[in-house]
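K.L.:
I am sharing upload23.txt, which consists of compact mmCIF, C-alpha atoms and all ligand atoms:
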```txt
# COMPACT_ATOMS: atom_id res chain seq x y z
CA MET A 1 0.00 0.00 0.00
CA THR A 2 1.65 3.24 -1.11
CA ASP A 3 0.97 6.81 -0.16
CA HIS A 4 -0.86 8.71 -2.83
CA LYS A 5 -0.07 12.37 -2.31
CA LEU A 6 -2.50 15.08 -3.29
CA PRO A 7 -1.07 17.58 -5.79
CA GLY A 8 0.23 20.65 -3.99
CA HIS A 9 -0.56 19.11 -0.57
CA PRO A 10 2.59 17.34 0.57
CA HIS A 11 1.22 16.56 4.04
CA PHE A 12 -2.18 15.25 2.94
CA ALA A 13 -2.14 11.83 1.29
CA TYR A 14 -4.20 8.67 0.80
CA ARG A 15 -3.00 5.58 2.57
CA GLY A 16 -5.00 2.90 0.86
CA ASN A 17 -8.49 4.40 0.53
CA ASP A 18 -8.20 6.74 3.51
CA LEU A 19 -7.16 10.37 3.29
CA PHE A 20 -4.70 11.36 6.01
CA ALA A 21 -3.61 14.73 7.36
CA GLU A 22 -0.07 13.98 8.48
CA ASP A 23 -0.63 10.81 10.58
CA LEU A 24 -4.35 11.20 11.24
CA MET A 25 -7.24 9.79 9.23
CA VAL A 26 -9.44 12.71 8.25
CA SER A 27 -12.66 10.66 8.40
CA GLU A 28 -11.92 10.08 12.10
CA LEU A 29 -11.34 13.79 12.65
CA ALA A 30 -14.72 14.45 11.01
CA SER A 31 -16.54 11.99 13.27
CA LEU A 32 -14.77 13.30 16.38
CA HIS A 33 -15.25 17.03 15.73
CA GLY A 34 -18.17 17.15 13.30
CA THR A 35 -18.38 18.95 9.96
CA PRO A 36 -17.72 21.40 8.42
CA LEU A 37 -14.25 21.17 9.89
CA PHE A 38 -11.06 22.92 8.84
CA VAL A 39 -7.99 20.70 9.24
CA TYR A 40 -4.54 22.26 9.07
CA SER A 41 -1.16 20.58 8.90
CA LYS A 42 1.50 22.25 11.01
CA ALA A 43 4.24 20.50 9.02
CA ALA A 44 2.78 21.89 5.77
CA MET A 45 2.89 25.45 7.16
CA LEU A 46 6.45 25.05 8.38
CA SER A 47 7.62 23.49 5.11
CA ALA A 48 6.06 26.37 3.13
CA LEU A 49 7.91 28.77 5.41
CA ALA A 50 11.12 26.74 5.04
CA ALA A 51 11.05 27.27 1.26
CA TYR A 52 11.29 31.03 1.85
CA GLN A 53 13.94 30.57 4.53
CA ARG A 54 16.06 28.47 2.13
CA GLY A 55 15.76 31.13 -0.55
CA PHE A 56 16.93 33.81 1.89
CA ALA A 57 19.71 31.87 3.62
CA GLY A 58 22.52 34.24 4.63
CA ARG A 59 20.47 37.40 4.01
CA ASP A 60 19.10 40.05 6.35
CA VAL A 61 15.40 39.28 5.88
CA GLN A 62 12.24 39.58 7.92
CA ILE A 63 9.37 37.35 6.81
CA CYS A 64 6.07 38.91 7.87
CA TYR A 65 3.19 36.46 7.53
CA ALA A 66 0.23 38.36 5.99
CA MET A 67 -2.22 37.12 8.58
CA LYS A 68 -5.42 38.12 6.82
CA ALA A 69 -4.95 34.85 4.88
CA ASN A 70 -5.68 32.92 8.07
CA SER A 71 -5.77 34.75 11.37
CA SER A 72 -6.77 31.94 13.74
CA LEU A 73 -4.73 32.12 16.94
CA GLY A 74 -3.41 28.56 16.67
CA VAL A 75 -2.12 29.31 13.16
CA LEU A 76 -0.49 32.58 14.25
CA GLN A 77 1.15 30.70 17.12
CA VAL A 78 2.87 28.35 14.64
CA PHE A 79 4.38 31.27 12.73
CA ALA A 80 5.26 33.28 15.84
CA GLY A 81 7.02 30.19 17.20
CA ALA A 82 9.00 29.93 13.96
CA GLY A 83 10.25 33.51 14.40
CA CYS A 84 7.99 35.15 11.81
CA GLY A 85 6.87 38.72 11.90
CA PHE A 86 3.36 39.64 10.81
CA ASP A 87 1.73 41.90 8.25
CA ILE A 88 -1.49 43.24 9.76
CA VAL A 89 -4.32 45.31 8.28
CA SER A 90 -6.34 46.26 11.36
CA GLY A 91 -6.18 46.89 15.08
CA GLY A 92 -8.05 43.63 15.59
CA GLU A 93 -5.28 41.75 13.80
CA LEU A 94 -2.72 43.49 16.04
CA GLU A 95 -4.52 42.18 19.13
CA ARG A 96 -4.58 38.68 17.65
CA VAL A 97 -0.82 38.67 16.95
CA LEU A 98 -0.05 39.81 20.49
CA ALA A 99 -2.46 37.23 21.94
CA ALA A 100 -0.72 34.50 19.91
CA GLY A 101 2.72 35.47 21.23
CA GLY A 102 3.98 37.48 18.23
CA GLN A 103 6.57 40.22 18.74
CA ALA A 104 5.35 43.78 18.27
CA ASN A 105 8.58 45.06 16.72
CA LYS A 106 8.24 42.50 13.91
CA ILE A 107 4.79 43.75 12.91
CA ILE A 108 4.13 45.88 9.85
CA PHE A 109 0.79 47.58 9.42
CA SER A 110 -0.63 47.73 5.87
CA GLY A 111 -3.97 48.95 4.54
CA VAL A 112 -5.50 51.99 2.86
CA GLY A 113 -7.82 53.00 5.68
CA LYS A 114 -6.09 52.97 9.05
CA THR A 115 -8.04 54.91 11.66
CA ARG A 116 -6.47 57.27 14.20
CA ALA A 117 -7.40 54.86 16.98
CA GLU A 118 -5.64 52.00 15.15
CA MET A 119 -2.56 54.19 14.67
CA ARG A 120 -2.46 55.03 18.39
CA GLN A 121 -2.92 51.37 19.31
CA ALA A 122 -0.07 50.29 17.00
CA LEU A 123 2.26 53.07 18.20
CA ALA A 124 1.58 52.19 21.83
CA ALA A 125 2.36 48.53 21.07
CA GLY A 126 5.63 49.55 19.38
CA ILE A 127 5.15 47.96 15.96
CA GLY A 128 8.05 47.80 13.50
CA CYS A 129 6.67 49.84 10.60
CA PHE A 130 3.59 51.47 9.13
CA ASN A 131 3.17 50.77 5.42
CA VAL A 132 1.48 54.01 4.43
CA GLU A 133 -0.74 54.08 1.35
CA SER A 134 -1.48 57.78 0.74
CA GLU A 135 -0.21 61.27 1.38
CA ALA A 136 -3.24 62.07 3.53
CA GLU A 137 -2.46 59.08 5.74
CA LEU A 138 1.13 60.33 6.22
CA ASP A 139 -0.13 63.64 7.57
CA VAL A 140 -2.58 62.01 9.95
CA LEU A 141 -0.02 59.48 11.19
CA SER A 142 2.53 62.21 11.80
CA GLY A 143 -0.01 64.14 13.86
CA VAL A 144 -1.03 61.10 15.90
CA ALA A 145 2.60 60.12 16.61
CA ALA A 146 3.71 63.67 17.44
CA ALA A 147 0.86 63.96 19.96
CA MET A 148 2.29 60.84 21.66
CA ASN A 149 5.83 62.29 21.50
CA LEU A 150 6.80 59.52 19.12
CA ARG A 151 8.08 59.18 15.60
CA ALA A 152 6.23 56.55 13.62
CA PRO A 153 8.50 54.35 11.47
CA VAL A 154 7.10 54.50 7.94
CA SER A 155 7.43 52.87 4.59
CA ILE A 156 5.41 54.13 1.64
CA ARG A 157 3.62 51.62 -0.53
CA VAL A 158 4.41 52.42 -4.12
CA ASN A 159 2.37 51.19 -6.99
CA PRO A 160 4.79 49.80 -9.57
CA ASN A 161 2.07 49.61 -12.26
CA VAL A 162 2.84 46.06 -13.35
CA ASP A 163 0.21 43.51 -14.31
CA PRO A 164 0.40 40.48 -12.01
CA LYS A 165 -1.79 38.52 -14.49
CA THR A 166 -4.20 37.33 -11.83
CA HIS A 167 -7.91 37.79 -11.07
CA PRO A 168 -8.88 41.50 -11.24
CA TYR A 169 -10.20 41.43 -7.64
CA ILE A 170 -6.79 40.31 -6.33
CA SER A 171 -4.64 42.49 -8.58
CA THR A 172 -3.39 45.46 -6.58
CA GLY A 173 -0.37 46.99 -8.34
CA LEU A 174 -2.02 48.57 -11.39
CA LYS A 175 -2.74 52.27 -11.83
CA GLY A 176 -6.49 51.81 -11.47
CA ASN A 177 -6.20 50.08 -8.05
CA LYS A 178 -6.93 51.82 -4.75
CA PHE A 179 -3.62 50.71 -3.24
CA GLY A 180 -0.34 52.57 -2.83
CA VAL A 181 0.94 55.82 -4.30
CA ALA A 182 1.76 56.32 -7.98
CA HIS A 183 5.33 55.71 -9.07
CA GLU A 184 5.69 59.24 -10.45
CA ASP A 185 4.52 60.83 -7.15
CA ALA A 186 6.67 58.67 -4.87
CA LEU A 187 9.79 60.87 -4.64
CA ARG A 188 7.78 63.98 -3.81
CA ILE A 189 5.76 62.09 -1.18
CA TYR A 190 8.97 60.73 0.40
CA GLN A 191 10.30 64.28 0.65
CA HIS A 192 7.04 65.29 2.30
CA ALA A 193 7.30 62.36 4.76
CA ALA A 194 10.92 63.16 5.63
CA ALA A 195 9.89 66.69 6.58
CA LEU A 196 7.03 65.66 8.91
CA PRO A 197 7.81 65.84 12.64
CA GLY A 198 6.07 62.64 13.72
CA LEU A 199 7.59 60.30 11.14
CA GLN A 200 10.81 58.40 10.68
CA VAL A 201 11.28 57.15 7.11
CA ALA A 202 12.32 53.49 7.36
CA GLY A 203 11.70 51.80 4.04
CA ILE A 204 9.74 51.33 0.85
CA ASP A 205 7.20 48.64 -0.02
CA CYS A 206 5.06 47.26 -2.79
CA HIS A 207 2.56 44.44 -3.16
CA ILE A 208 1.31 43.80 -6.68
CA GLY A 209 -1.45 41.26 -6.20
CA SER A 210 -2.31 37.76 -5.10
CA GLN A 211 -2.23 34.21 -6.53
CA ILE A 212 0.63 35.25 -8.83
CA THR A 213 1.96 32.22 -10.70
CA GLU A 214 4.65 33.85 -12.86
CA THR A 215 8.08 35.24 -12.04
CA THR A 216 8.12 38.14 -14.51
CA PRO A 217 5.70 40.46 -12.66
CA TYR A 218 7.92 40.20 -9.56
CA LEU A 219 11.10 40.94 -11.54
CA ASP A 220 9.42 43.92 -13.24
CA ALA A 221 8.09 45.26 -9.92
CA MET A 222 11.55 44.91 -8.36
CA ASP A 223 13.09 46.92 -11.19
CA ARG A 224 10.51 49.67 -10.78
CA VAL A 225 10.95 49.79 -6.99
CA LEU A 226 14.76 49.85 -7.21
CA ASP A 227 14.55 52.77 -9.67
CA LEU A 228 12.64 54.62 -6.95
CA VAL A 229 15.09 53.59 -4.21
CA ALA A 230 17.86 55.12 -6.30
CA SER A 231 16.06 58.42 -6.78
CA ILE A 232 14.86 58.65 -3.16
CA GLU A 233 18.32 57.94 -1.78
CA SER A 234 19.97 60.41 -4.13
CA ALA A 235 17.59 63.01 -2.72
CA GLY A 236 19.26 62.33 0.66
CA ILE A 237 16.54 60.13 2.21
CA GLU A 238 17.98 56.84 3.41
CA LEU A 239 15.88 53.69 3.18
CA GLU A 240 16.79 50.96 5.66
CA HIS A 241 14.65 48.26 4.16
CA ILE A 242 12.86 47.21 1.01
CA ASP A 243 9.62 45.24 1.37
CA PHE A 244 8.49 43.30 -1.71
CA GLY A 245 5.06 42.30 -0.39
CA GLY A 246 3.47 38.89 -0.83
CA GLY A 247 1.29 37.44 -3.53
CA LEU A 248 2.94 34.17 -4.53
CA GLY A 249 0.30 31.75 -5.77
CA ILE A 250 -0.39 28.12 -4.89
CA ASN A 251 -1.53 25.09 -6.86
CA TYR A 252 -5.34 25.06 -6.78
CA ASN A 253 -6.05 23.42 -10.12
CA GLY A 254 -2.83 22.49 -11.87
CA ASP A 255 -1.39 26.00 -11.34
CA THR A 256 2.40 25.97 -11.45
CA PRO A 257 3.70 28.93 -9.43
CA PRO A 258 7.46 29.06 -8.89
CA GLU A 259 8.71 27.57 -5.61
CA ALA A 260 9.43 30.34 -3.10
CA ASP A 261 13.15 29.55 -2.96
CA VAL A 262 13.47 29.42 -6.77
CA LEU A 263 11.60 32.72 -7.14
CA TRP A 264 13.75 34.40 -4.53
CA ARG A 265 17.02 33.12 -5.97
CA GLN A 266 16.09 34.95 -9.18
CA LEU A 267 14.95 38.08 -7.39
CA LEU A 268 18.05 38.17 -5.19
CA ALA A 269 20.27 37.82 -8.28
CA LYS A 270 18.63 40.95 -9.67
CA LEU A 271 18.94 42.73 -6.34
CA ASP A 272 22.66 41.90 -6.20
CA ALA A 273 23.19 42.88 -9.84
CA ARG A 274 21.67 46.28 -9.12
CA GLY A 275 23.83 46.77 -6.04
CA TYR A 276 21.14 46.48 -3.33
CA GLY A 277 22.02 42.97 -2.11
CA SER A 278 23.02 44.14 1.35
CA LYS A 279 19.81 46.05 2.15
CA LYS A 280 17.48 44.63 4.75
CA LEU A 281 14.58 42.87 3.02
CA MET A 282 11.03 42.25 4.13
CA ILE A 283 8.36 40.12 2.49
CA GLU A 284 4.69 39.61 3.30
CA PRO A 285 3.57 36.17 2.12
CA GLY A 286 0.07 35.04 3.07
CA ARG A 287 -1.60 32.46 0.83
CA SER A 288 1.63 30.65 -0.05
CA LEU A 289 2.31 29.88 3.65
CA VAL A 290 -1.11 28.49 4.56
CA GLY A 291 -3.27 27.88 1.46
CA ASN A 292 -2.29 24.27 0.84
CA ALA A 293 -1.76 23.56 4.53
CA GLY A 294 -5.52 23.35 5.09
CA ILE A 295 -8.55 21.40 3.92
CA CYS A 296 -12.23 21.69 4.82
CA LEU A 297 -14.10 18.49 5.65
CA THR A 298 -17.78 18.48 4.83
CA GLU A 299 -20.54 15.87 4.85
CA VAL A 300 -22.73 15.09 1.86
CA LEU A 301 -26.29 15.82 3.03
CA TYR A 302 -28.28 14.99 -0.09
CA LEU A 303 -27.80 13.95 -3.69
CA LYS A 304 -30.35 15.62 -5.92
CA PRO A 305 -30.39 14.38 -9.51
CA GLY A 306 -31.89 16.76 -12.07
CA GLU A 307 -32.65 17.07 -15.74
CA GLN A 308 -29.83 19.54 -16.45
CA LYS A 309 -27.66 19.22 -13.38
CA ASN A 310 -27.04 16.83 -10.55
CA PHE A 311 -26.53 18.52 -7.24
CA CYS A 312 -24.40 17.28 -4.38
CA ILE A 313 -25.58 19.23 -1.34
CA ILE A 314 -22.97 19.47 1.39
CA ASP A 315 -22.97 20.94 4.89
CA ALA A 316 -20.27 23.53 4.10
CA ALA A 317 -21.37 26.66 2.28
CA MET A 318 -20.30 30.03 0.94
CA ASN A 319 -20.16 31.37 4.49
CA ASP A 320 -17.39 28.82 5.22
CA LEU A 321 -15.71 28.79 1.81
CA PRO A 322 -16.36 32.18 0.21
CA ARG A 323 -13.78 32.06 -2.60
CA PRO A 324 -15.92 30.38 -5.30
CA ALA A 325 -18.77 32.89 -4.75
CA MET A 326 -16.38 35.87 -4.57
CA TYR A 327 -13.87 35.10 -7.31
CA GLN A 328 -15.29 32.06 -9.16
CA ALA A 329 -12.32 30.33 -7.55
CA PHE A 330 -11.60 26.62 -7.95
CA HIS A 331 -11.12 24.27 -5.00
CA ALA A 332 -10.45 20.61 -5.70
CA ILE A 333 -12.92 18.30 -3.90
CA VAL A 334 -11.97 14.74 -3.03
CA PRO A 335 -13.51 11.99 -0.88
CA ALA A 336 -12.22 11.36 2.65
CA VAL A 337 -12.54 7.66 1.84
CA ALA A 338 -11.92 6.74 -1.79
CA GLY A 339 -13.69 3.92 -3.62
CA GLY A 340 -17.32 5.10 -3.66
CA PRO A 341 -19.97 3.94 -6.16
CA ALA A 342 -18.64 3.52 -9.72
CA PRO A 343 -19.01 5.10 -12.17
CA ALA A 344 -18.67 8.63 -10.83
CA THR A 345 -21.48 11.11 -11.50
CA THR A 346 -20.97 14.75 -12.43
CA TYR A 347 -22.30 17.07 -9.74
CA ASP A 348 -22.48 20.72 -8.91
CA VAL A 349 -21.34 20.74 -5.29
CA VAL A 350 -23.45 23.30 -3.42
CA GLY A 351 -24.09 24.45 0.14
CA PRO A 352 -27.33 24.98 2.08
CA VAL A 353 -27.27 28.81 1.93
CA CYS A 354 -30.18 30.49 0.18
CA GLU A 355 -28.21 32.01 -2.70
CA SER A 356 -27.56 30.68 -6.19
CA GLY A 357 -24.00 31.92 -5.66
CA ASP A 358 -23.61 29.31 -2.95
CA TRP A 359 -21.64 26.75 -4.90
CA ILE A 360 -18.30 25.22 -3.96
CA GLY A 361 -17.51 23.29 -7.15
CA ARG A 362 -19.11 22.94 -10.59
CA ASP A 363 -19.31 19.89 -12.84
CA ARG A 364 -17.25 17.65 -10.58
CA PRO A 365 -17.11 13.92 -11.20
CA LEU A 366 -17.67 12.34 -7.79
CA ALA A 367 -18.36 8.82 -6.57
CA VAL A 368 -20.39 9.65 -3.47
CA ASN A 369 -23.36 8.71 -1.32
CA ALA A 370 -25.25 10.81 1.20
CA GLY A 371 -23.39 10.67 4.50
CA ASP A 372 -19.93 10.54 2.90
CA VAL A 373 -17.29 13.03 3.94
CA LEU A 374 -15.60 15.15 1.28
CA ALA A 375 -12.44 17.22 1.60
CA VAL A 376 -12.36 20.64 -0.05
CA LEU A 377 -8.67 21.21 -0.76
CA SER A 378 -6.50 24.36 -0.67
CA ALA A 379 -8.72 25.74 2.08
CA GLY A 380 -6.04 27.10 4.42
CA ALA A 381 -6.04 30.67 3.05
CA TYR A 382 -8.86 33.19 2.69
CA CYS A 383 -11.51 30.72 3.88
CA MET A 384 -11.92 30.77 7.67
CA SER A 385 -10.59 34.34 7.81
CA MET A 386 -13.36 35.38 5.39
CA ALA A 387 -16.05 33.17 6.93
CA SER A 388 -19.32 34.79 7.96
CA ASN A 389 -22.45 33.93 9.86
CA TYR A 390 -24.80 34.39 6.89
CA ASN A 391 -27.98 32.37 7.36
CA THR A 392 -27.08 32.30 11.10
CA ARG A 393 -24.68 29.49 10.41
CA GLY A 394 -22.09 29.10 13.12
CA ARG A 395 -18.54 29.24 11.85
CA ALA A 396 -16.79 25.88 11.52
CA ALA A 397 -14.42 24.29 14.02
CA GLU A 398 -10.70 24.16 13.28
CA VAL A 399 -8.14 21.49 14.10
CA LEU A 400 -4.37 21.81 13.86
CA VAL A 401 -2.67 18.48 13.17
CA ASP A 402 0.90 17.95 14.35
CA GLY A 403 2.06 14.43 13.50
CA SER A 404 -0.39 12.09 15.23
CA GLN A 405 -1.77 14.84 17.51
CA ALA A 406 -4.87 16.88 16.72
CA HIS A 407 -5.35 20.17 18.56
CA LEU A 408 -8.76 21.80 18.47
CA ILE A 409 -7.86 25.47 17.87
CA ARG A 410 -11.42 26.78 17.44
CA ARG A 411 -14.59 25.19 18.67
CA ARG A 412 -17.68 25.28 16.51
CA GLU A 413 -19.71 28.45 16.93
CA ASP A 414 -23.30 28.00 18.12
CA ALA A 415 -26.36 30.25 17.89
CA GLN A 416 -25.75 31.63 21.41
CA ASP A 417 -22.26 32.76 20.33
CA GLN A 418 -23.83 34.57 17.41
CA MET A 419 -26.55 36.34 19.41
CA ARG A 420 -24.25 37.37 22.27
CA HIS A 421 -23.94 41.01 21.25
CA GLU A 422 -27.58 41.54 20.38
CA GLN A 423 -30.48 42.62 22.52
CA LEU A 424 -34.20 43.00 22.22
CA VAL A 425 -35.68 46.46 22.42
CA ALA A 426 -36.97 47.11 25.94
CA GLU A 427 -40.82 47.20 26.03
C1 LIG A 501 -3.00 40.46 1.27
C2 LIG A 501 -1.68 41.10 1.34
C3 LIG A 501 -0.51 40.31 1.36
C4 LIG A 501 -0.53 38.82 1.23
O1 LIG A 501 -0.95 38.40 -0.04
P1 LIG A 501 -0.92 36.86 -0.43
O2 LIG A 501 -1.39 36.84 -1.83
O3 LIG A 501 -1.83 36.15 0.49
O4 LIG A 501 0.51 36.40 -0.29
C5 LIG A 501 0.69 40.96 1.52
N1 LIG A 501 0.76 42.31 1.63
C6 LIG A 501 -0.33 43.09 1.60
C7 LIG A 501 -0.19 44.55 1.73
C8 LIG A 501 -1.58 42.51 1.44
O5 LIG A 501 -2.66 43.29 1.40
```
What would you get if you wrote out this structure as structure tokens?
P.N.:
Amino acid sequence: MTDHKLPGHPHFAYRGNDLFAEDLMVSELASLHGTPLFVYSKAAMLSALAAYQRGFAGRDVQICYAMKANSSLGVLQVFAGAGCGFDIVSGGELERVLAAGGQANKIIFSGVGKTRAEMRQALAAGIGCFNVESEAELDVLSGVAAAMNLRAPVSIRVNPNVDPKTHPYISTGLKGNKFGVAHEDALRIYQHAAALPGLQVAGIDCHIGSQITETTPYLDAMDRVLDLVASIESAGIELEHIDFGGGLGINYNGDTPPEADVLWRQLLAKLDARGYGSKKLMIEPGRSLVGNAGICLTEVLYLKPGEQKNFCIIDAAMNDLPRPAMYQAFHAIVPAVAGGPAPATTYDVVGPVCESGDWIGRDRPLAVNAGDVLAVLSAGAYCMSMASNYNTRGRAAEVLVDGSQAHLIRRREDAQDQMRHEQLVAE
């Protein structure tokens, strides 16, 4: 009996007919904890991180996990324990990092709409850097920091105007996007920042998009950013670090993104060739650290044959797995126990939510019966962190697998949890 690995999921494999997460049978996890259930592999997270660490061996680099991809405390704890910093986009995320044992000085704060209260909170915590996205934000941050007798360390997010060739909703480095400042305005805005009393210019950053599967957009963005570094530094403003953002894609459906170490060997060669090899580097990977480290287990509730379509109705829905509804995204769906009824039937796999957009997979050949458990793959990133309570569905439970140990890192939410902040109008 040989292991049959799932593409892109090195720590999830069939042993015989049974799908395993590391050394645990996922069908047993489903019966123990119920469904829908997110199952994460700690080894898969650490091996994804190790690919970056290999690529950066011998360099001065800070890897900041972009935690919006998956912000569950047990997941953050894995990365904090491995020495990662964090890229946050809200005050809530800051509290999560600190609760999970992350170090404040390794936190960078991104996002186009930071509030004054969030700025104060982050300054009081002593975060490493604010990645500022507009000139107006610079002025406000300077005022907030000066009122606290502090200088806020800042980097300005520049928009390199390169096409990452990904879905328009996750492309962020083009001129028409809301993110960052335009390349041609960057030098002037740096001069403005350097003159503000509450700021300390620390670096420069960019982030061109997500689920990028080609190397060229990264090389082009690096060239554009290094052009700016040259002009900013010749204007007498020193930049301590360069932050190249995140965005590296994963294999959802035969996608072939470069391995993190291979990508970074090419990028570092360019950095060296242009004479910036000794600068401190930062990166902000999210999806590529967690996406294929997680699956979502779900039970088949009903099979509903139809004239035009057969439906496979499962107990996970768009509130648990929002990516298909949001971006027409593809998640592979496989049985927890292989060898169901032959031949397979083609199904649209849909959830119980009252929306036609509530589908998880379309036209999937599946050999299933009601009561079977399915695994929705590549569910570690942008699933639980985007989950909602729509239809008053409690959010799923989450389990972190470490070898033959399963740790429940989030219990299933019930209706009481959901109503906790509400009250009836007094009569
Ligand atoms: C979302 C985001 C990231 C992470 O993107 P991934 O595609 O998940 O790697 C990094 N930096 C910023 C500023 C982001 O908004």
K.L.:
Please write out the residues within 6 Å of ligand LIG 501 (chain A) as a PyMOL selection string, counting only C-alpha atoms and all ligand atoms.
P.N.:
chain A and resi 66+69+110+207+210-211+245-248+284-288
K.L.:
Hey, which of A:Ala381, A:Met326, A:Ala406, A:Cys312 ends up closest to Gly249 of chain A? Count all atoms listed in the file.
P.N.:
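Smallest distance to Gly249 of chain A is found for A:Ala381.
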K.L.:
Kindly extract all protein, DNA and RNA residues lying within 10 Å of the coordinates (5.4, 50.0, -8.2) given in the file, considering only C-alpha atoms, and supply them as an mmCIF file with C-alpha atoms, in the frame of the given file.
P.N.:
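File result_5.cif, as written:
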```cif
data_model
loop_
_atom_site.group_PDB
_atom_site.id
_atom_site.type_symbol
_atom_site.label_atom_id
_atom_site.label_comp_id
_atom_site.auth_asym_id
_atom_site.auth_seq_id
_atom_site.Cartn_x
_atom_site.Cartn_y
_atom_site.Cartn_z
ATOM 1 C CA ARG A 157 3.620 51.620 -0.530
ATOM 2 C CA VAL A 158 4.410 52.420 -4.120
ATOM 3 C CA ASN A 159 2.370 51.190 -6.990
ATOM 4 C CA PRO A 160 4.790 49.800 -9.570
ATOM 5 C CA ASN A 161 2.070 49.610 -12.260
ATOM 6 C CA VAL A 162 2.840 46.060 -13.350
ATOM 7 C CA GLY A 173 -0.370 46.990 -8.340
ATOM 8 C CA LEU A 174 -2.020 48.570 -11.390
ATOM 9 C CA LYS A 175 -2.740 52.270 -11.830
ATOM 10 C CA GLY A 180 -0.340 52.570 -2.830
ATOM 11 C CA VAL A 181 0.940 55.820 -4.300
ATOM 12 C CA ALA A 182 1.760 56.320 -7.980
ATOM 13 C CA HIS A 183 5.330 55.710 -9.070
ATOM 14 C CA GLU A 184 5.690 59.240 -10.450
ATOM 15 C CA ALA A 186 6.670 58.670 -4.870
ATOM 16 C CA ASP A 205 7.200 48.640 -0.020
ATOM 17 C CA CYS A 206 5.060 47.260 -2.790
ATOM 18 C CA HIS A 207 2.560 44.440 -3.160
ATOM 19 C CA ILE A 208 1.310 43.800 -6.680
ATOM 20 C CA ASP A 220 9.420 43.920 -13.240
ATOM 21 C CA ALA A 221 8.090 45.260 -9.920
ATOM 22 C CA MET A 222 11.550 44.910 -8.360
ATOM 23 C CA ASP A 223 13.090 46.920 -11.190
ATOM 24 C CA ARG A 224 10.510 49.670 -10.780
ATOM 25 C CA VAL A 225 10.950 49.790 -6.990
ATOM 26 C CA LEU A 226 14.760 49.850 -7.210
ATOM 27 C CA ASP A 227 14.550 52.770 -9.670
ATOM 28 C CA LEU A 228 12.640 54.620 -6.950
ATOM 29 C CA PHE A 244 8.490 43.300 -1.710
#
```
K.L.:
Could you give me, as a list in words, the residues within 6 Å of Asp243 of chain A, counting only C-alpha atoms and dropping anything in the same chain fewer than 5 positions from it?
P.N.:
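So, after excluding close chain neighbours, the residues are Asp205, Leu281, Met282 and Ile283 of chain A.
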K.L.:
With distances taken over all atoms listed in the file, which residue among A:Asp315, A:Asn70, A:Leu268, A:Asp417 lies nearest Gly58 of chain A?
P.N.:
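Distance minimum relative to Gly58 of chain A lands on A:Leu268.
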K.L.:
In terms of the shortest atom-to-atom distance over only C-alpha atoms, which of A:Tyr252, A:Phe12, A:Tyr52, A:Phe86 is closest to Cys64 of chain A?
P.N.:
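The shortest atom-to-atom distance to Cys64 of chain A comes from A:Phe86.
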K.L.:
So which residues touch segment 355-359 of chain A within 10 Å, counting only C-alpha atoms, skipping near sequence neighbours fewer than 4 positions away, as a PyMOL selection string?
P.N.:
chain A and resi 311-314+316-319+321-326+328+348-351
K.L.:
Take the selection from the previous step and output its residues with C-alpha atoms, as a short mmCIF file (atom, residue, chain, number, x, y, z; two decimals), in the coordinates of the input.
P.N.:
```cif
data_model
loop_
_atom_site.label_atom_id
_atom_site.label_comp_id
_atom_site.auth_asym_id
_atom_site.auth_seq_id
_atom_site.Cartn_x
_atom_site.Cartn_y
_atom_site.Cartn_z
CA PHE A 311 -26.53 18.52 -7.24
CA CYS A 312 -24.40 17.28 -4.38
CA ILE A 313 -25.58 19.23 -1.34
CA ILE A 314 -22.97 19.47 1.39
CA ALA A 316 -20.27 23.53 4.10
CA ALA A 317 -21.37 26.66 2.28
CA MET A 318 -20.30 30.03 0.94
CA ASN A 319 -20.16 31.37 4.49
CA LEU A 321 -15.71 28.79 1.81
CA PRO A 322 -16.36 32.18 0.21
CA ARG A 323 -13.78 32.06 -2.60
CA PRO A 324 -15.92 30.38 -5.30
CA ALA A 325 -18.77 32.89 -4.75
CA MET A 326 -16.38 35.87 -4.57
CA GLN A 328 -15.29 32.06 -9.16
CA ASP A 348 -22.48 20.72 -8.91
CA VAL A 349 -21.34 20.74 -5.29
CA VAL A 350 -23.45 23.30 -3.42
CA GLY A 351 -24.09 24.45 0.14
#
```
K.L.:
Quick one: distance from atom CA of Gly81 of chain A to atom CA of Tyr65 of chain A in Å, one decimal?
P.N.:
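That distance, rounded to one decimal, is 12.1 Å.
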K.L.:
Can you write out as a tab-separated table which residues of segment 20-83 of chain A fall within 8 Å of segment 271-280 of chain A, alongside each residue's closest atom pair and its distance in Å to one decimal, counting all atoms listed in the file and ordering rows by chain and ascending residue number?
P.N.:
```
residue	atom	partner	partner_atom	distance
A:Arg59	CA	A:Ser278	CA	7.7
A:Asp60	CA	A:Lys280	CA	5.1
A:Val61	CA	A:Lys280	CA	5.9
A:Gln62	CA	A:Lys280	CA	7.9
```
K.L.:
Between atom CA of Gly101 of chain A and atom CA of Val290 of chain A, measure the distance and give it in Å to one decimal.
P.N.:
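According to the coordinates, atom CA of Gly101 of chain A and atom CA of Val290 of chain A are separated by 18.5 Å.
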K.L.:
A:Leu98, A:Leu366, A:Ala332, A:Cys296: which is nearest Pro36 of chain A, counting only C-alpha atoms?
P.N.:
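Among the listed residues, the smallest separation from Pro36 of chain A belongs to A:Cys296.
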K.L.:
Give me, please, the distance in Å between atom CA of Gln77 of chain A and atom CA of Glu398 of chain A, quoted to one decimal.
P.N.:
14.1 Å
K.L.:
Given only C-alpha atoms as the basis, pick out the residue of A:Lys68, A:Arg116, A:His331, A:Lys165 nearest to Gly143 of chain A.
P.N.:
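Closest residue, counting only C-alpha atoms: A:Arg116.
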